[in-house]
Amino acid sequence: MGDGALSVWERSSTARVVPSARPRKLAKVPFVELADGRLQGVVSSGSDIGRVYVSSVEAGSYAFACSTNNNRPCGGARGWFCNHIRALIGEAVLQYGAERVARYLKVEDAAEESDAQSLTDAMTATRPAQGDSSAAAQVFSRFLRHLAYLELGPTTAPLPEMQWFPTTRAVA
């Protein structure tokens with residue numbers, strides 16, 4: 001069945017997946033997203049295998065937040081971007097490309113060729129404030145939901161939590 005056999009509604013009702021700008025390793029930053037007006041994600045701890053950090057940078061103001069999955073504040077995010085936030089920005093550039101990250105975060109980058117370092121430098125030059133980490137629970141919850149889907153085996157059977165989607169060929 002080719003694309004011509006589908007109606008306009010059926011072609012436009014699926015979510016398009018944008019491929020990564022470049023392949024990235026998931027061990028250090030397993031989850032990164034541009035959502036809710038922030039660059040946000042989960043970053044693994046360098047010292048404790050059982051600890052992860054939920055980090056974010058707000059678009060426009062570059063207000064940043066970083067805390068553990070147990071809502072304890074990051075020791076490195078005391079007035080400047082910690083290493084977790086820098087790693088998050090680096091992986092976001094790999095996932096989405098520097099131009100898309102800069103456009104989403106509203107970064108005015110003076111560098112001729114944007115990269116993670118030039119974006120980080122442009123944001124830190126504005127001396128951003130430490131933001132609120134209240135969204136950390138939602139980000140971590142989304143990360144856990146993504147992990148749960150990875151554990152499922154391949155199947156064509158419907159998933160119970162996705163039952164609210166309408167069938168594509170329903171007759172009224």
# chains A, B, ... in the order shown; residues from 1 in each chain; ligands from 1
>>> select_by_dssp(residues="segment 15-110 of chain A", states="alpha helix (DSSP H)", output="ChimeraX atom specification")
/A:83-96,98-105
>>> residues_around(residues="segment 47-55 of chain A", least_positions_apart="4", cutoff="8 Å", atoms="only C-alpha atoms", output="ChimeraX atom specification")
/A:40-43,64-69,74,84-85,88,136,139-140
>>> write_last_selection(atoms="N, CA, C and O atoms", output="short mmCIF file (atom, residue, chain, number, x, y, z; two decimals), in the first residue's frame")
data_model
loop_
_atom_site.label_atom_id
_atom_site.label_comp_id
_atom_site.auth_asym_id
_atom_site.auth_seq_id
_atom_site.Cartn_x
_atom_site.Cartn_y
_atom_site.Cartn_z
N GLN A 40 15.70 19.73 28.33
CA GLN A 40 15.66 18.97 29.59
C GLN A 40 16.01 17.52 29.32
O GLN A 40 15.86 17.03 28.21
N GLY A 41 16.50 16.87 30.36
CA GLY A 41 16.83 15.47 30.20
C GLY A 41 17.39 14.86 31.47
O GLY A 41 17.44 15.49 32.53
N VAL A 42 17.82 13.62 31.32
CA VAL A 42 18.38 12.83 32.42
C VAL A 42 19.84 12.56 32.11
O VAL A 42 20.18 12.12 31.00
N VAL A 43 20.71 12.82 33.08
CA VAL A 43 22.15 12.66 32.92
C VAL A 43 22.64 11.71 34.01
O VAL A 43 22.32 11.88 35.19
N PHE A 64 18.64 27.71 34.71
CA PHE A 64 19.01 26.29 34.73
C PHE A 64 18.64 25.64 36.05
O PHE A 64 18.54 26.31 37.07
N ALA A 65 18.43 24.34 35.98
CA ALA A 65 18.13 23.57 37.17
C ALA A 65 18.77 22.20 37.03
O ALA A 65 18.83 21.65 35.92
N CYS A 66 19.24 21.66 38.12
CA CYS A 66 19.83 20.33 38.12
C CYS A 66 19.65 19.73 39.52
O CYS A 66 20.02 20.36 40.52
N SER A 67 19.06 18.55 39.57
CA SER A 67 18.86 17.86 40.84
C SER A 67 18.88 16.36 40.60
O SER A 67 18.71 15.91 39.47
N THR A 68 19.05 15.60 41.65
CA THR A 68 19.06 14.15 41.51
C THR A 68 17.63 13.65 41.33
O THR A 68 16.67 14.39 41.52
N ASN A 69 17.52 12.37 41.00
CA ASN A 69 16.20 11.76 40.88
C ASN A 69 15.48 11.73 42.22
O ASN A 69 14.28 11.51 42.27
N CYS A 74 21.94 19.54 42.88
CA CYS A 74 23.27 19.20 42.34
C CYS A 74 24.30 20.09 43.02
O CYS A 74 24.11 21.30 43.13
N HIS A 84 26.67 18.35 34.39
CA HIS A 84 25.49 17.63 33.89
C HIS A 84 24.78 18.45 32.82
O HIS A 84 24.37 17.91 31.79
N ILE A 85 24.64 19.75 33.06
CA ILE A 85 23.97 20.62 32.09
C ILE A 85 24.82 20.74 30.83
O ILE A 85 24.30 20.72 29.71
N LEU A 88 24.29 17.65 28.89
CA LEU A 88 22.95 17.69 28.30
C LEU A 88 22.95 18.53 27.02
O LEU A 88 22.38 18.12 26.00
N ALA A 136 11.34 18.63 37.43
CA ALA A 136 12.20 17.45 37.41
C ALA A 136 11.41 16.15 37.53
O ALA A 136 11.72 15.17 36.86
N VAL A 139 9.87 15.27 34.12
CA VAL A 139 10.89 14.84 33.17
C VAL A 139 11.35 13.42 33.50
O VAL A 139 11.46 12.57 32.62
N PHE A 140 11.58 13.15 34.77
CA PHE A 140 12.03 11.82 35.18
C PHE A 140 10.94 10.78 34.92
O PHE A 140 11.22 9.66 34.49
#
>>> closest_atom_pairs(of="segment 20-54 of chain A", to="segment 106-119 of chain A", cutoff="12 Å", atoms="only C-alpha atoms", output="tab-separated table")
residue	atom	partner	partner_atom	distance
A:Gly37	CA	A:Lys106	CA	10.3
A:Arg38	CA	A:Lys106	CA	10.5
A:Leu39	CA	A:Lys106	CA	11.2
>>> atom_distance(atom1="atom CA of Pro23 of chain A", atom2="atom CA of Leu94 of chain A")
6.9 Å
>>> select_by_dssp(residues="chain A", states="strand (DSSP E or B)", output="PyMOL selection string")
chain A and resi 31-35+38-44+52-58+64-68+73+130
>>> write_last_selection(atoms="N, CA and C atoms", output="PDB file, in the first residue's frame")
ATOM      1  N   PHE A  31      18.476  10.380  28.107  1.00  0.00           N
ATOM      2  CA  PHE A  31      17.213  10.997  27.725  1.00  0.00           C
ATOM      3  C   PHE A  31      17.416  12.495  27.574  1.00  0.00           C
ATOM      4  N   VAL A  32      17.073  13.026  26.401  1.00  0.00           N
ATOM      5  CA  VAL A  32      17.168  14.458  26.146  1.00  0.00           C
ATOM      6  C   VAL A  32      15.981  14.863  25.284  1.00  0.00           C
ATOM      7  N   GLU A  33      15.377  16.007  25.605  1.00  0.00           N
ATOM      8  CA  GLU A  33      14.237  16.477  24.821  1.00  0.00           C
ATOM      9  C   GLU A  33      14.163  17.996  24.845  1.00  0.00           C
ATOM     10  N   LEU A  34      13.582  18.524  23.786  1.00  0.00           N
ATOM     11  CA  LEU A  34      13.243  19.938  23.709  1.00  0.00           C
ATOM     12  C   LEU A  34      11.734  20.002  23.914  1.00  0.00           C
ATOM     13  N   ALA A  35      11.313  20.352  25.115  1.00  0.00           N
ATOM     14  CA  ALA A  35       9.883  20.334  25.441  1.00  0.00           C
ATOM     15  C   ALA A  35       9.590  21.314  26.568  1.00  0.00           C
ATOM     16  N   ARG A  38      11.874  24.228  27.408  1.00  0.00           N
ATOM     17  CA  ARG A  38      13.175  23.949  28.016  1.00  0.00           C
ATOM     18  C   ARG A  38      13.907  22.867  27.224  1.00  0.00           C
ATOM     19  N   LEU A  39      15.215  22.898  27.342  1.00  0.00           N
ATOM     20  CA  LEU A  39      16.031  21.735  27.009  1.00  0.00           C
ATOM     21  C   LEU A  39      16.119  20.978  28.311  1.00  0.00           C
ATOM     22  N   GLN A  40      15.700  19.726  28.331  1.00  0.00           N
ATOM     23  CA  GLN A  40      15.658  18.974  29.586  1.00  0.00           C
ATOM     24  C   GLN A  40      16.013  17.521  29.325  1.00  0.00           C
ATOM     25  N   GLY A  41      16.496  16.872  30.363  1.00  0.00           N
ATOM     26  CA  GLY A  41      16.832  15.467  30.205  1.00  0.00           C
ATOM     27  C   GLY A  41      17.392  14.858  31.467  1.00  0.00           C
ATOM     28  N   VAL A  42      17.822  13.616  31.317  1.00  0.00           N
ATOM     29  CA  VAL A  42      18.376  12.834  32.418  1.00  0.00           C
ATOM     30  C   VAL A  42      19.838  12.558  32.108  1.00  0.00           C
ATOM     31  N   VAL A  43      20.706  12.821  33.078  1.00  0.00           N
ATOM     32  CA  VAL A  43      22.148  12.655  32.925  1.00  0.00           C
ATOM     33  C   VAL A  43      22.645  11.706  34.011  1.00  0.00           C
ATOM     34  N   SER A  44      23.412  10.708  33.622  1.00  0.00           N
ATOM     35  CA  SER A  44      23.955   9.748  34.590  1.00  0.00           C
ATOM     36  C   SER A  44      25.029  10.401  35.444  1.00  0.00           C
ATOM     37  N   VAL A  52      21.043   9.424  39.047  1.00  0.00           N
ATOM     38  CA  VAL A  52      20.946  10.214  37.826  1.00  0.00           C
ATOM     39  C   VAL A  52      20.520  11.630  38.215  1.00  0.00           C
ATOM     40  N   TYR A  53      20.787  12.562  37.327  1.00  0.00           N
ATOM     41  CA  TYR A  53      20.422  13.954  37.528  1.00  0.00           C
ATOM     42  C   TYR A  53      19.413  14.362  36.467  1.00  0.00           C
ATOM     43  N   VAL A  54      18.443  15.141  36.866  1.00  0.00           N
ATOM     44  CA  VAL A  54      17.478  15.714  35.942  1.00  0.00           C
ATOM     45  C   VAL A  54      17.890  17.170  35.771  1.00  0.00           C
ATOM     46  N   SER A  55      18.295  17.514  34.551  1.00  0.00           N
ATOM     47  CA  SER A  55      18.828  18.841  34.269  1.00  0.00           C
ATOM     48  C   SER A  55      17.968  19.542  33.232  1.00  0.00           C
ATOM     49  N   SER A  56      17.943  20.877  33.300  1.00  0.00           N
ATOM     50  CA  SER A  56      17.178  21.638  32.315  1.00  0.00           C
ATOM     51  C   SER A  56      17.744  23.038  32.150  1.00  0.00           C
ATOM     52  N   VAL A  57      17.501  23.596  30.948  1.00  0.00           N
ATOM     53  CA  VAL A  57      17.842  24.983  30.639  1.00  0.00           C
ATOM     54  C   VAL A  57      16.612  25.587  29.988  1.00  0.00           C
ATOM     55  N   GLU A  58      16.135  26.704  30.520  1.00  0.00           N
ATOM     56  CA  GLU A  58      14.927  27.348  30.012  1.00  0.00           C
ATOM     57  C   GLU A  58      15.236  28.183  28.773  1.00  0.00           C
ATOM     58  N   PHE A  64      18.639  27.705  34.708  1.00  0.00           N
ATOM     59  CA  PHE A  64      19.011  26.290  34.727  1.00  0.00           C
ATOM     60  C   PHE A  64      18.643  25.643  36.048  1.00  0.00           C
ATOM     61  N   ALA A  65      18.429  24.341  35.975  1.00  0.00           N
ATOM     62  CA  ALA A  65      18.126  23.568  37.173  1.00  0.00           C
ATOM     63  C   ALA A  65      18.767  22.197  37.028  1.00  0.00           C
ATOM     64  N   CYS A  66      19.238  21.662  38.124  1.00  0.00           N
ATOM     65  CA  CYS A  66      19.829  20.326  38.124  1.00  0.00           C
ATOM     66  C   CYS A  66      19.648  19.732  39.518  1.00  0.00           C
ATOM     67  N   SER A  67      19.055  18.554  39.566  1.00  0.00           N
ATOM     68  CA  SER A  67      18.861  17.864  40.844  1.00  0.00           C
ATOM     69  C   SER A  67      18.875  16.364  40.595  1.00  0.00           C
ATOM     70  N   THR A  68      19.048  15.604  41.653  1.00  0.00           N
ATOM     71  CA  THR A  68      19.062  14.152  41.510  1.00  0.00           C
ATOM     72  C   THR A  68      17.633  13.649  41.332  1.00  0.00           C
ATOM     73  N   PRO A  73      19.568  18.754  45.458  1.00  0.00           N
ATOM     74  CA  PRO A  73      20.217  19.684  44.525  1.00  0.00           C
ATOM     75  C   PRO A  73      21.592  19.191  44.088  1.00  0.00           C
ATOM     76  N   GLN A 130      19.746  30.615  38.553  1.00  0.00           N
ATOM     77  CA  GLN A 130      19.372  29.244  38.853  1.00  0.00           C
ATOM     78  C   GLN A 130      17.849  29.175  38.900  1.00  0.00           C
TER      79      GLN A 130
END
>>> closest_residue(among="A:Leu152, A:Pro128, A:Phe143, A:Gly60", to="Gly79 of chain A", atoms="only C-alpha atoms")
A:Pro128
